[in-house]
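**Q** What follows is a single structure, and I will ask about it in a moment.
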Amino acid sequence: MAALTRSRISILSVVFATLFASSAASQDGMALQVVPSATSSDIIEFSRETLDAFDQVEFTTTTIWTDGDTHFSGVSLKALLESIDANGSTIEMVALNDYAVTMPISDLEDGAPIIATRMDGNIMSVRDKGPFWVVFPYDSDTKYSTEVTYARSIWQLTRLNIID
Amino acid sequence: MNSGKYRLSILAGLGLLVLLLGLMVTNLLSQLRDLSTAQGDSTQWSISQLDTEFANLNADLLDQLATGRFSDEDLKLRVDITLSRLDIVNSGRAARIIGENDELTSLIRDLGQFEELAISVSDSSNPLTDDQIADLLTIVTELRPNVRRIALLGLSLSAEQSQQRRAQFAGQLRRTGGIAIVLLVLMGALLMLLDRMFRQAAKNDAALQSSAKLLSSTVSASLDAIVTANGAGEIIDFNASAENVFGWSRSEIIGKSMEETFIPHHMRDAHHNGMRRYIKTGQPRVVDAGRVELSALRKSGEEFPVELNITSTEDEDGVKFIAYIRDISERKIAEQELVDARDRAERTDKAKSQFLTLISHEMRTPLNGIMGVLDLLKTTKLSSVQERYADIALASSEILLEHTNEALDVTRIETGDLKLTLQQFSLPELVNGLADVLEPLAREKELRLIVELGDPVCMDFYGDKNRIRQILTNLIGNAIKFSDSGQITVKVDGIHGPEHSSVKFKVSDTGSGIEPEHQEQVFDAFVALAPSEGRQSRGDGLGLSISQKIARRMDGDISLKSEVGVGSTFTLTVPLQRREEVPNSDATDEDPVAPSMKPCKVLVVEDNSINRKVLSDMLEGMGHHVTQAVNGADCIEKSAQLEFDVIFMDISMPVMNGIEAARRLRHDNGPNAETRIIGLTAHGREEYREAAEQAGMNTFHTKPIRLDALRSIIAELSVADPVPMVSAKHPDALGEMRDALGAEQASAVGEQFFNELGEFASQAREGLFEGEPLALAEAAHKMKGAASLFGFEELEPLLEKVEKDARQGAVPDLIAQLDVLERCARKAESDFYVRMSVPS
């Protein structure tokens with residue numbers, strides 16, 4: 001029952017996303033492209049507006065790249081992937097400068113990482129690591145203060161590929 | 001004590017271990033934290049990215065100028081990306097690292113001009129001109145070495161930092177390692193300690209086990225039953241012997257109480273109370289009291305005697321009683337048998353003694369008749385043959401008499417009844433007298449009997465002269481008997497010690513001697529040496545044995561020195577008390593007291609008619625007037641009417657015995673109250689002596705009484721005649737008084753004395769001194785002093801006795817004593833006047 005409801009929402013959101021994808025991308029020039037399966041070449045685009053329609057996850061933490069406490073808000077990566085019924089075991093995250101890092105999907109948690117759309121309440125420009133930044137609540141657990149986590153904290157995120 | 005020390009050190013070690021372990025854990029945790037959080041590498045990456053993006057921008061700008069293939073959007077994105085890298089270097093951890101390095105800071109500052117231009121390019125809303133692009137390219141190209149330098153510096157700084165971290169980490173590792181080593185050492189030490197304790201414990205355990213094993217084997221192998229009970233009296237252990245003794249098996253009795261099993265019913269209450277009392281007070285009665293004899297119950301129900309010893313011990317389970325129980329029923333039976341056997345033997349022995357005593361008594365009575373008659377026969381006119389026959393018969397009778405006497409002596413010695421009668425005697429008199437008696441015997445065998453008296457012993461001694469005489473008679477008699485020729489020497493000598501003198505009588509013969517191996521035997525009872533040689537004219541089986549026993553009874557001894565073919569010497573050594581010396585005179589040469597043939601009035605009291613007749617005939621033959629009485633009662637009757645000079649009184653008589661009769665005569669105050677009484681007995685000399693003396697008999701004679709003995713008794717009677725006694729013994733007191741005062745005056749004083757004495761006697765008789773014994777004593781004392789002044793020696797002891805008795809509180813037989821006193825006084829008075837009337 002719960003699974004059924006969940007899948008229905010996912011389908012709706014995909015449809016929704018497809019409908020507004022072009023307009024969102026054109027406005028900012030920056031939409032998040034997601035390849036939901038290794039076997040298909042379909043691309044689902046998520047504009048900031050689309051992402052804003054998801055349940056927002058937010059937290060305040062320090063990072064090694066910023067000064068002082070920073071407030072992040074955005075969409076749980078896990079929730080995002082679920083919404084498109086992504087199937088696969090590994091996700092590749094690619095930045096604007098083609099920096100890429102992979103991560104097993106099993107490592108995804110409900111609230112970490114998130115695809116942050118806002119930092120301290122403001123949207124982020126490319127100059128300011130925007131438009132999307134994968135962040136972890138680093139202060140909440142030492143397990144996030146690792147090389148792997150730092151490597152996965154990819155900014156200027158532009159694409160998510162489900163590989164495998 | 002030792003284990004306490006061990007425990008303390010182990011606890012301290014454990015505490016230290018816990019502390020170290022805590023320290024190590026904290027250390028390790030912090031290391032873990034350091035390891036799990038990345039600190040530098042990402043920063044280094046961020047800084048190097050700046051260089052990469054600068055390079056990309058440089059290339060793209062060059063490409064655009066050459067080809068113009070990029071849109072403005074693409075170029076602006078590229079510029080933005082490069083700017084974002086600059087932003088990253090200027091903020092966060094990268095900024096901190098850079099801020100610490102002056103060169104980096106200045107290099108970054110130099111990038112400011114690029115930032116300004118890049119922002120203006122990126123933010124311009126107009127299409128980009130080639131000039132703008134060329135300007136940007138120039139700055140980028142100019143700054144490329146700077147950015148490269150920043151990347152390299154960042155790299156080395158990062159490397160330095162990680163080097164530092166490694167050093168820090170290594171330090172931490174070393175600390176942890178150090179702690180671990182200390183831990184290991186400590187643990188090792190603790191393990192060693194534990195091992196030592198373990199070994200110690202194992203050793204103790206082994207010792208304990210072996211001692212327990214030993215104990216259990218001791219308990220199970222014990223001949224005594226061992227029962228262990230707890231405080232409630234329940235049996236908790238029961239060994240094999242206990243199973244045998246009580247008949248209960250161990251499995252049956254364990255858990256039962258002693259009360260319901262082997263304690264006899266009649267003792268259960270006492271046992272119960274005893275246990276309770278012990279538990280309550282801890283005061284033992286049977287417990288720890290050593291061996292106690294009680295009785296116990298077998299399973300089969302019979303009670304039997306046991307000897308038990310109970311000890312108690314206390315451990316964590318409370319008090320325990322351990323009883324060692326020995327079944328002594330067999331021992332008790334054996335003891336009973338032994339006691340029975342002893343009693344039987346004692347009874348037999350007593351019966352034997354009684355028999356011997358009886359026999360000797362029964363033999364003496366007829367002997368009395370035979371010897372008396374033979375004596376009488378010899379006073380008649382006989383032919384020489386008849387005379388010899390009579391002598392033989394007499395000698396044989398004497399031997400028989402001696403045998404009976406010896407048998408009696410043996411029983412006395414064996415029953416311990418041999419009493420010594422100590423008296424003063426003159427040693428020369430004794431020895432010479434004996435020699436006189438025995439000399440004829442020696443002469444018969446043509447032997448010479450020589451007496452050698454040493455000067456030191458020619459004096460009076462105090463001892464039992466009759467026993468000494470008996471021993472010497474035996475020794476000299478034997479010497480005569482066993483010597484066929486030569487001489488018998490009796491040598492008497494002595495040494496005067498401080499207390500008493502040791503007197504030696506050496507009797508040497510020239511007989512054949514005794515072989516060394518037989519020398520000890522001669523003192524054994526009933527041993528007669530060399531009977532085959534037929535030299536034994538008479539049995540001597542008892543003589544030496546008795547002599548030696550008597551000698552030892554007198555604290556002396558008899559020893560023997562003998563050489564075969566030369567002769568034997570028997571030596572009697574006796575300790576004697578000294579009395580004043582007497583001149584060594586030939587007293588024995590003097591005639592004995594001349595027989596006084598003054599006819600006496602004699603009463604013979606004897607139940608045996610033959611003996612009575614013989615004795616009467618003897619006395620009448622001597623010219624005395626004899627009255628006969630058949631028993632004590634008859635005697636009392638006869639003596640009530642007539643005053644006798646002497647009474648011969650048999651001791652054992654029917655109706656009234658001699659002791660009782662003598663007592664009555666003395667107390668009845670009749671005419672014979674003062675008469676001399678001679679006791680006669682066929683029993684031993686000692687048995688009745690004391691009783692006879694207490695009854696008032698003057699002397700005591702063993703039957704048979706011989707003619708000679710009779711003559712001396714009568715002679716003594718004449719000597720002891722009271723009339724000459726006073727004047728003979730104390731002539732001086734009265735004589736001096738008469739000389740001093742004149743006869744008249746002396747008589748007057750004497751008269752006064754006798755008056756006073758009479759007055760004292762009558763006052764005492766009338767009870768004037770009743771309840772005032774002291775006054776009586778004083779009066780008697782005064783009279784005594786006066787009597788001694790006059791020399792009335794016979795009165796003195798009488799008065800003294802009254803005084804003594806009175807001083808002790810009472811004179812029970814005052815009247816009787818007064819009777820005697822008055823009688824003596826009358827006699828003394830008449831004597832006194834006789835003395836006074838005789839002209840000096």
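Labels used: A, B, ... for chains in the order of the structure tokens, numbers from 1 for residues in each chain, and numbers from 1 for ligands as shown.
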For chain A versus chain B, which residues have an atom no more than 10 Å away, and what is each residue's nearest atom pair and distance in Å rounded to one decimal, using only C-alpha atoms, chain-then-number order, as JSON lines?

**A**
{"residue": "A:Gly29", "atom": "CA", "partner": "B:Glu73", "partner_atom": "CA", "distance": 9.0}
{"residue": "A:Thr62", "atom": "CA", "partner": "B:Gly92", "partner_atom": "CA", "distance": 9.0}
{"residue": "A:Thr63", "atom": "CA", "partner": "B:Gly92", "partner_atom": "CA", "distance": 7.1}
{"residue": "A:Ile64", "atom": "CA", "partner": "B:Gly92", "partner_atom": "CA", "distance": 5.1}
{"residue": "A:Trp65", "atom": "CA", "partner": "B:Gly92", "partner_atom": "CA", "distance": 4.0}
{"residue": "A:Thr66", "atom": "CA", "partner": "B:Gly92", "partner_atom": "CA", "distance": 4.0}
{"residue": "A:Asp67", "atom": "CA", "partner": "B:Gly92", "partner_atom": "CA", "distance": 4.8}
{"residue": "A:Gly68", "atom": "CA", "partner": "B:Gly92", "partner_atom": "CA", "distance": 8.1}
{"residue": "A:Leu96", "atom": "CA", "partner": "B:Ile81", "partner_atom": "CA", "distance": 7.8}
{"residue": "A:Asn97", "atom": "CA", "partner": "B:Ile81", "partner_atom": "CA", "distance": 7.4}
{"residue": "A:Ser125", "atom": "CA", "partner": "B:Asp80", "partner_atom": "CA", "distance": 8.5}
{"residue": "A:Val126", "atom": "CA", "partner": "B:Asp80", "partner_atom": "CA", "distance": 5.9}
{"residue": "A:Arg127", "atom": "CA", "partner": "B:Ser84", "partner_atom": "CA", "distance": 4.2}
{"residue": "A:Asp128", "atom": "CA", "partner": "B:Ser84", "partner_atom": "CA", "distance": 5.5}
{"residue": "A:Lys129", "atom": "CA", "partner": "B:Ser84", "partner_atom": "CA", "distance": 6.1}
{"residue": "A:Gly130", "atom": "CA", "partner": "B:Ser84", "partner_atom": "CA", "distance": 8.9}
{"residue": "A:Thr142", "atom": "CA", "partner": "B:Thr37", "partner_atom": "CA", "distance": 6.6}
{"residue": "A:Lys143", "atom": "CA", "partner": "B:Ser36", "partner_atom": "CA", "distance": 7.1}
{"residue": "A:Tyr144", "atom": "CA", "partner": "B:Thr37", "partner_atom": "CA", "distance": 7.7}
{"residue": "A:Ser145", "atom": "CA", "partner": "B:Thr37", "partner_atom": "CA", "distance": 4.5}
{"residue": "A:Thr146", "atom": "CA", "partner": "B:Thr37", "partner_atom": "CA", "distance": 4.6}
{"residue": "A:Glu147", "atom": "CA", "partner": "B:Ala38", "partner_atom": "CA", "distance": 5.1}
{"residue": "A:Val148", "atom": "CA", "partner": "B:Ala38", "partner_atom": "CA", "distance": 8.6}
{"residue": "A:Thr149", "atom": "CA", "partner": "B:Ala38", "partner_atom": "CA", "distance": 9.1}
{"residue": "A:Tyr150", "atom": "CA", "partner": "B:Ser42", "partner_atom": "CA", "distance": 6.7}
{"residue": "A:Ala151", "atom": "CA", "partner": "B:Ser42", "partner_atom": "CA", "distance": 7.3}
{"residue": "A:Trp155", "atom": "CA", "partner": "B:Ser84", "partner_atom": "CA", "distance": 9.9}
{"residue": "A:Gln156", "atom": "CA", "partner": "B:Ile81", "partner_atom": "CA", "distance": 8.4}

**Q** With distances taken over only C-alpha atoms, which residue among A:Gly121, A:Pro104, A:Pro113, A:Gly74 lies nearest Asn87 (chain A)?

**A**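 For Asn87 (chain A), the nearest of the candidates is A:Pro104.
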
**Q** So how many Å separate CA of Ile610 (chain B) and CA of Gln628 (chain B), to one decimal?

**A**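 Interatomic distance here is 12.1 Å.
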
**Q** Give the answer as one residue: which of B:Ala777, B:Leu29, B:Pro127, B:Gly767 has the shortest atom-to-atom distance to Leu75 (chain B), using only C-alpha atoms?

**A**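 Of all the options, B:Pro127 lies closest to Leu75 (chain B).
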
**Q** Check the smallest atom-to-atom distance from each of A:Ile84, A:Phe132, A:Asp52, A:Lys78 to Ser106 (chain A) using only C-alpha atoms, then report the winner.

**A**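 Nearest candidate to Ser106 (chain A) out of A:Ile84, A:Phe132, A:Asp52, A:Lys78: A:Lys78.
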
**Q** One decimal, Å: what's the distance from CA of Gly233 (chain B) over to CA of Ser217 (chain B), could you say?

**A**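 Between these atoms lies a distance of 24.0 Å.
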
**Q** Using the chain letters and numbers from this document, which residues of region 408-539 of chain B does DSSP assign to strand (DSSP E or B), as a short mmCIF file (atom, residue, chain, number, x, y, z; two decimals) with all heavy atoms, in the first residue's frame?

**A**
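File result.cif, as written:
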data_model
loop_
_atom_site.label_atom_id
_atom_site.label_comp_id
_atom_site.auth_asym_id
_atom_site.auth_seq_id
_atom_site.Cartn_x
_atom_site.Cartn_y
_atom_site.Cartn_z
N GLN B 423 62.44 -53.96 124.77
CA GLN B 423 62.70 -53.77 126.20
C GLN B 423 64.19 -53.63 126.43
O GLN B 423 65.00 -53.99 125.58
CB GLN B 423 62.14 -54.96 127.00
CG GLN B 423 62.63 -56.30 126.51
CD GLN B 423 61.95 -57.44 127.25
OE1 GLN B 423 61.94 -57.46 128.47
NE2 GLN B 423 61.40 -58.37 126.50
N GLN B 424 64.49 -53.13 127.61
CA GLN B 424 65.91 -52.96 127.93
C GLN B 424 66.51 -54.29 128.34
O GLN B 424 65.87 -55.07 129.02
CB GLN B 424 66.04 -51.95 129.08
CG GLN B 424 67.48 -51.55 129.32
CD GLN B 424 67.56 -50.44 130.35
OE1 GLN B 424 66.62 -49.67 130.48
NE2 GLN B 424 68.67 -50.36 131.05
N PHE B 425 67.69 -54.55 127.85
CA PHE B 425 68.33 -55.81 128.27
C PHE B 425 69.84 -55.65 128.24
O PHE B 425 70.39 -54.77 127.59
CB PHE B 425 67.89 -56.97 127.37
CG PHE B 425 68.41 -56.85 125.95
CD1 PHE B 425 69.56 -57.53 125.55
CD2 PHE B 425 67.72 -56.06 125.04
CE1 PHE B 425 70.02 -57.42 124.25
CE2 PHE B 425 68.19 -55.95 123.74
CZ PHE B 425 69.33 -56.62 123.33
N SER B 426 70.47 -56.55 128.97
CA SER B 426 71.93 -56.52 129.02
C SER B 426 72.42 -57.53 128.01
O SER B 426 72.09 -58.72 128.07
CB SER B 426 72.41 -56.89 130.43
OG SER B 426 73.74 -57.35 130.35
N ARG B 448 83.62 -77.42 121.44
CA ARG B 448 83.81 -76.36 122.40
C ARG B 448 82.99 -75.16 121.96
O ARG B 448 82.92 -74.84 120.77
CB ARG B 448 85.29 -75.96 122.47
CG ARG B 448 86.12 -77.00 123.24
CD ARG B 448 87.39 -76.42 123.75
NE ARG B 448 88.18 -75.89 122.64
CZ ARG B 448 88.92 -74.80 122.74
NH1 ARG B 448 88.95 -74.10 123.86
NH2 ARG B 448 89.64 -74.39 121.70
N LEU B 449 82.31 -74.54 122.92
CA LEU B 449 81.52 -73.35 122.59
C LEU B 449 82.22 -72.15 123.23
O LEU B 449 82.33 -72.06 124.44
CB LEU B 449 80.09 -73.50 123.13
CG LEU B 449 79.17 -72.31 122.90
CD1 LEU B 449 78.98 -72.01 121.42
CD2 LEU B 449 77.79 -72.57 123.55
N ILE B 450 82.73 -71.26 122.42
CA ILE B 450 83.50 -70.12 122.92
C ILE B 450 82.74 -68.83 122.65
O ILE B 450 82.25 -68.59 121.54
CB ILE B 450 84.87 -70.05 122.21
CG1 ILE B 450 85.64 -71.36 122.46
CG2 ILE B 450 85.67 -68.85 122.70
CD1 ILE B 450 86.78 -71.57 121.52
N VAL B 451 82.62 -68.03 123.68
CA VAL B 451 81.96 -66.73 123.51
C VAL B 451 82.99 -65.63 123.64
O VAL B 451 83.75 -65.60 124.61
CB VAL B 451 80.85 -66.54 124.58
CG1 VAL B 451 80.25 -65.13 124.46
CG2 VAL B 451 79.78 -67.59 124.42
N GLU B 452 83.05 -64.75 122.64
CA GLU B 452 83.98 -63.61 122.71
C GLU B 452 83.15 -62.33 122.65
O GLU B 452 82.56 -62.01 121.63
CB GLU B 452 84.95 -63.63 121.51
CG GLU B 452 85.92 -64.79 121.55
CD GLU B 452 86.81 -64.82 120.32
OE1 GLU B 452 86.86 -63.79 119.61
OE2 GLU B 452 87.41 -65.87 120.06
N LEU B 453 83.12 -61.64 123.79
CA LEU B 453 82.33 -60.40 123.85
C LEU B 453 83.24 -59.20 123.72
O LEU B 453 84.17 -59.03 124.52
CB LEU B 453 81.58 -60.32 125.18
CG LEU B 453 80.24 -61.05 125.24
CD1 LEU B 453 79.78 -61.14 126.68
CD2 LEU B 453 79.19 -60.36 124.40
N MET B 459 77.12 -53.77 127.43
CA MET B 459 76.28 -52.71 127.98
C MET B 459 74.82 -53.08 127.77
O MET B 459 74.50 -54.12 127.19
CB MET B 459 76.58 -51.39 127.25
CG MET B 459 76.43 -51.52 125.74
SD MET B 459 76.89 -50.03 124.87
CE MET B 459 75.54 -48.98 125.29
N ASP B 460 73.95 -52.19 128.24
CA ASP B 460 72.52 -52.45 128.04
C ASP B 460 72.07 -51.87 126.70
O ASP B 460 72.50 -50.80 126.30
CB ASP B 460 71.71 -51.78 129.17
CG ASP B 460 71.68 -52.66 130.41
OD1 ASP B 460 72.45 -53.66 130.42
OD2 ASP B 460 70.91 -52.35 131.33
N PHE B 461 71.17 -52.62 126.07
CA PHE B 461 70.57 -52.12 124.83
C PHE B 461 69.06 -52.17 124.96
O PHE B 461 68.51 -52.73 125.91
CB PHE B 461 71.00 -52.99 123.63
CG PHE B 461 72.43 -52.75 123.25
CD1 PHE B 461 73.45 -53.60 123.69
CD2 PHE B 461 72.78 -51.67 122.44
CE1 PHE B 461 74.76 -53.38 123.35
CE2 PHE B 461 74.09 -51.46 122.08
CZ PHE B 461 75.09 -52.31 122.53
N TYR B 462 68.45 -51.59 123.98
CA TYR B 462 66.98 -51.56 123.96
C TYR B 462 66.54 -52.26 122.69
O TYR B 462 66.89 -51.84 121.58
CB TYR B 462 66.52 -50.09 123.97
CG TYR B 462 65.06 -49.92 124.24
CD1 TYR B 462 64.54 -50.16 125.54
CD2 TYR B 462 64.18 -49.52 123.25
CE1 TYR B 462 63.21 -49.99 125.80
CE2 TYR B 462 62.83 -49.34 123.51
CZ TYR B 462 62.35 -49.59 124.81
OH TYR B 462 61.01 -49.43 125.07
N GLY B 463 65.83 -53.37 122.84
CA GLY B 463 65.42 -54.11 121.65
C GLY B 463 64.63 -55.34 122.07
O GLY B 463 64.29 -55.52 123.23
N GLN B 487 85.20 -76.44 117.11
CA GLN B 487 84.59 -75.51 118.07
C GLN B 487 83.60 -74.57 117.39
O GLN B 487 83.64 -74.33 116.20
CB GLN B 487 85.68 -74.69 118.75
CG GLN B 487 86.48 -73.87 117.75
CD GLN B 487 87.62 -73.14 118.43
OE1 GLN B 487 88.25 -73.67 119.34
NE2 GLN B 487 87.88 -71.92 117.98
N ILE B 488 82.72 -74.08 118.26
CA ILE B 488 81.77 -73.08 117.82
C ILE B 488 82.18 -71.77 118.47
O ILE B 488 82.36 -71.72 119.69
CB ILE B 488 80.34 -73.42 118.29
CG1 ILE B 488 80.00 -74.89 118.03
CG2 ILE B 488 79.33 -72.47 117.66
CD1 ILE B 488 79.97 -75.30 116.59
N THR B 489 82.35 -70.73 117.65
CA THR B 489 82.75 -69.45 118.23
C THR B 489 81.61 -68.45 118.05
O THR B 489 81.11 -68.28 116.93
CB THR B 489 83.99 -68.90 117.53
OG1 THR B 489 84.93 -69.96 117.41
CG2 THR B 489 84.57 -67.73 118.30
N VAL B 490 81.22 -67.84 119.16
CA VAL B 490 80.22 -66.78 119.07
C VAL B 490 80.94 -65.48 119.40
O VAL B 490 81.36 -65.26 120.53
CB VAL B 490 79.06 -67.01 120.05
CG1 VAL B 490 78.04 -65.88 119.93
CG2 VAL B 490 78.41 -68.36 119.78
N LYS B 491 81.06 -64.63 118.38
CA LYS B 491 81.83 -63.41 118.57
C LYS B 491 80.85 -62.24 118.45
O LYS B 491 80.13 -62.11 117.46
CB LYS B 491 82.87 -63.32 117.45
CG LYS B 491 84.04 -62.47 117.79
CD LYS B 491 85.12 -62.70 116.74
CE LYS B 491 86.14 -61.57 116.80
NZ LYS B 491 87.15 -61.73 115.75
N VAL B 492 80.81 -61.43 119.49
CA VAL B 492 79.87 -60.31 119.46
C VAL B 492 80.64 -59.01 119.48
O VAL B 492 81.51 -58.81 120.31
CB VAL B 492 78.89 -60.36 120.66
CG1 VAL B 492 77.83 -59.29 120.52
CG2 VAL B 492 78.27 -61.72 120.79
N ASP B 493 80.32 -58.15 118.54
CA ASP B 493 81.00 -56.85 118.47
C ASP B 493 80.03 -55.83 117.92
O ASP B 493 78.93 -56.19 117.48
CB ASP B 493 82.23 -56.96 117.55
CG ASP B 493 83.37 -56.13 118.12
OD1 ASP B 493 83.08 -55.10 118.77
OD2 ASP B 493 84.53 -56.54 117.91
N GLY B 494 80.42 -54.58 117.95
CA GLY B 494 79.48 -53.57 117.43
C GLY B 494 80.13 -52.24 117.20
O GLY B 494 81.24 -51.99 117.64
N ILE B 495 79.43 -51.44 116.47
CA ILE B 495 79.89 -50.08 116.19
C ILE B 495 78.81 -49.14 116.68
O ILE B 495 77.62 -49.31 116.37
CB ILE B 495 80.10 -49.88 114.68
CG1 ILE B 495 81.16 -50.86 114.16
CG2 ILE B 495 80.51 -48.43 114.38
CD1 ILE B 495 81.14 -51.02 112.67
N HIS B 496 79.22 -48.14 117.48
CA HIS B 496 78.24 -47.20 117.99
C HIS B 496 78.04 -46.04 117.02
O HIS B 496 78.94 -45.21 116.86
CB HIS B 496 78.67 -46.68 119.36
CG HIS B 496 78.74 -47.77 120.38
ND1 HIS B 496 77.67 -48.59 120.65
CD2 HIS B 496 79.76 -48.19 121.19
CE1 HIS B 496 78.01 -49.46 121.57
NE2 HIS B 496 79.29 -49.26 121.92
N SER B 501 73.37 -48.36 117.76
CA SER B 501 74.58 -49.16 117.53
C SER B 501 74.25 -50.31 116.62
O SER B 501 73.14 -50.86 116.65
CB SER B 501 75.11 -49.73 118.84
OG SER B 501 75.29 -48.66 119.75
N SER B 502 75.21 -50.66 115.76
CA SER B 502 75.03 -51.82 114.91
C SER B 502 75.77 -52.97 115.59
O SER B 502 76.99 -52.94 115.73
CB SER B 502 75.62 -51.53 113.54
OG SER B 502 75.57 -52.69 112.76
N VAL B 503 75.01 -53.95 116.04
CA VAL B 503 75.62 -55.05 116.79
C VAL B 503 75.73 -56.28 115.90
O VAL B 503 74.78 -56.61 115.19
CB VAL B 503 74.79 -55.38 118.05
CG1 VAL B 503 75.43 -56.51 118.83
CG2 VAL B 503 74.64 -54.14 118.90
N LYS B 504 76.92 -56.87 115.94
CA LYS B 504 77.19 -58.04 115.08
C LYS B 504 77.40 -59.28 115.93
O LYS B 504 78.21 -59.27 116.85
CB LYS B 504 78.47 -57.78 114.28
CG LYS B 504 78.18 -57.46 112.84
CD LYS B 504 79.47 -57.32 112.06
CE LYS B 504 79.13 -56.69 110.73
NZ LYS B 504 80.28 -56.24 110.00
N PHE B 505 76.65 -60.33 115.58
CA PHE B 505 76.85 -61.61 116.24
C PHE B 505 77.37 -62.57 115.18
O PHE B 505 76.65 -62.89 114.24
CB PHE B 505 75.52 -62.17 116.78
CG PHE B 505 74.81 -61.24 117.73
CD1 PHE B 505 73.98 -60.23 117.24
CD2 PHE B 505 74.95 -61.38 119.11
CE1 PHE B 505 73.32 -59.39 118.13
CE2 PHE B 505 74.29 -60.54 119.99
CZ PHE B 505 73.47 -59.54 119.51
N LYS B 506 78.64 -63.00 115.37
CA LYS B 506 79.21 -63.93 114.39
C LYS B 506 79.25 -65.31 114.99
O LYS B 506 79.87 -65.54 116.02
CB LYS B 506 80.64 -63.52 114.04
CG LYS B 506 80.71 -62.46 112.97
CD LYS B 506 82.15 -62.29 112.54
CE LYS B 506 82.28 -61.20 111.50
NZ LYS B 506 83.66 -61.05 111.07
N VAL B 507 78.54 -66.26 114.34
CA VAL B 507 78.55 -67.64 114.83
C VAL B 507 79.32 -68.48 113.83
O VAL B 507 78.86 -68.70 112.71
CB VAL B 507 77.11 -68.17 114.99
CG1 VAL B 507 77.13 -69.59 115.51
CG2 VAL B 507 76.31 -67.25 115.90
N SER B 508 80.53 -68.90 114.20
CA SER B 508 81.36 -69.67 113.28
C SER B 508 81.45 -71.11 113.74
O SER B 508 81.53 -71.39 114.94
CB SER B 508 82.78 -69.09 113.23
OG SER B 508 82.70 -67.71 113.01
#

**Q** Mind checking which residues fall within 12 Å of Ala662 (chain B), counting only C-alpha atoms, ignoring those fewer than 3 positions away in the same chain, and posting them as a PyMOL selection string?

**A** chain B and resi 605+631-633+635-636+639+647-651+656-659+665-670+672-680+691-699

**Q** Using only C-alpha atoms, can you tell me which of A:Gln33, A:Thr102, A:Thr117, A:Ser40 comes closest to Val135 (chain A)?

**A** A:Thr117

**Q** Could you list, as number ranges by chain, every residue within 9 Å of Leu795 (chain B), counting only C-alpha atoms and ignoring same-chain residues fewer than 4 positions away?

**A** B: 784, 787-788, 791, 799-800, 821, 824-825, 828

**Q** I'd like the neighbourhood of region 750-762 of chain B as a PDB file with C-alpha atoms, in the first residue's frame, where a residue qualifies if any of its atoms comes within 9 Å (using only C-alpha atoms), though same-chain residues fewer than 5 positions away should be ignored.

**A**
ATOM      1  CA  GLN B 745      59.249 -35.929 164.278  1.00  0.00           C
ATOM      2  CA  GLY B 767      32.290 -35.987 144.943  1.00  0.00           C
ATOM      3  CA  LEU B 768      33.771 -32.805 146.308  1.00  0.00           C
ATOM      4  CA  ALA B 779      45.143 -31.672 145.011  1.00  0.00           C
ATOM      5  CA  ALA B 780      46.532 -34.859 143.434  1.00  0.00           C
ATOM      6  CA  MET B 783      49.829 -35.243 147.349  1.00  0.00           C
ATOM      7  CA  ALA B 786      54.571 -35.153 149.332  1.00  0.00           C
ATOM      8  CA  ALA B 787      54.675 -38.863 148.438  1.00  0.00           C
ATOM      9  CA  PHE B 790      58.770 -39.639 151.614  1.00  0.00           C
ATOM     10  CA  LEU B 818      40.922 -44.287 144.686  1.00  0.00           C
ATOM     11  CA  ASP B 819      40.428 -47.872 145.846  1.00  0.00           C
ATOM     12  CA  LEU B 821      45.349 -45.676 146.007  1.00  0.00           C
ATOM     13  CA  GLU B 822      43.914 -46.277 149.461  1.00  0.00           C
ATOM     14  CA  ALA B 825      48.443 -46.139 151.066  1.00  0.00           C
ATOM     15  CA  ARG B 826      47.560 -48.562 153.834  1.00  0.00           C
ATOM     16  CA  GLU B 829      51.648 -46.610 155.999  1.00  0.00           C
ATOM     17  CA  PHE B 832      56.447 -46.569 157.096  1.00  0.00           C
ATOM     18  CA  TYR B 833      55.761 -47.257 160.761  1.00  0.00           C
TER      19      TYR B 833
END

**Q** Which is closer to Met93 (chain A) than all the others in A:Leu108, A:Ile114, A:Ile154, A:Ala31, using only C-alpha atoms?

**A**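 Checking each of A:Leu108, A:Ile114, A:Ile154, A:Ala31 against Met93 (chain A), counting only C-alpha atoms, the winner is A:Ile154.
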
**Q** Could you name the residues that touch Ala86 (chain A) at 8 Å or less, counting only C-alpha atoms, but leaving out those on the same chain fewer than 2 positions away, as a list in words?

**A**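 Those residues are Pro36, Ser37, Leu81, Glu82, Ser83, Ile84, Gly88 and Ile162 of chain A.
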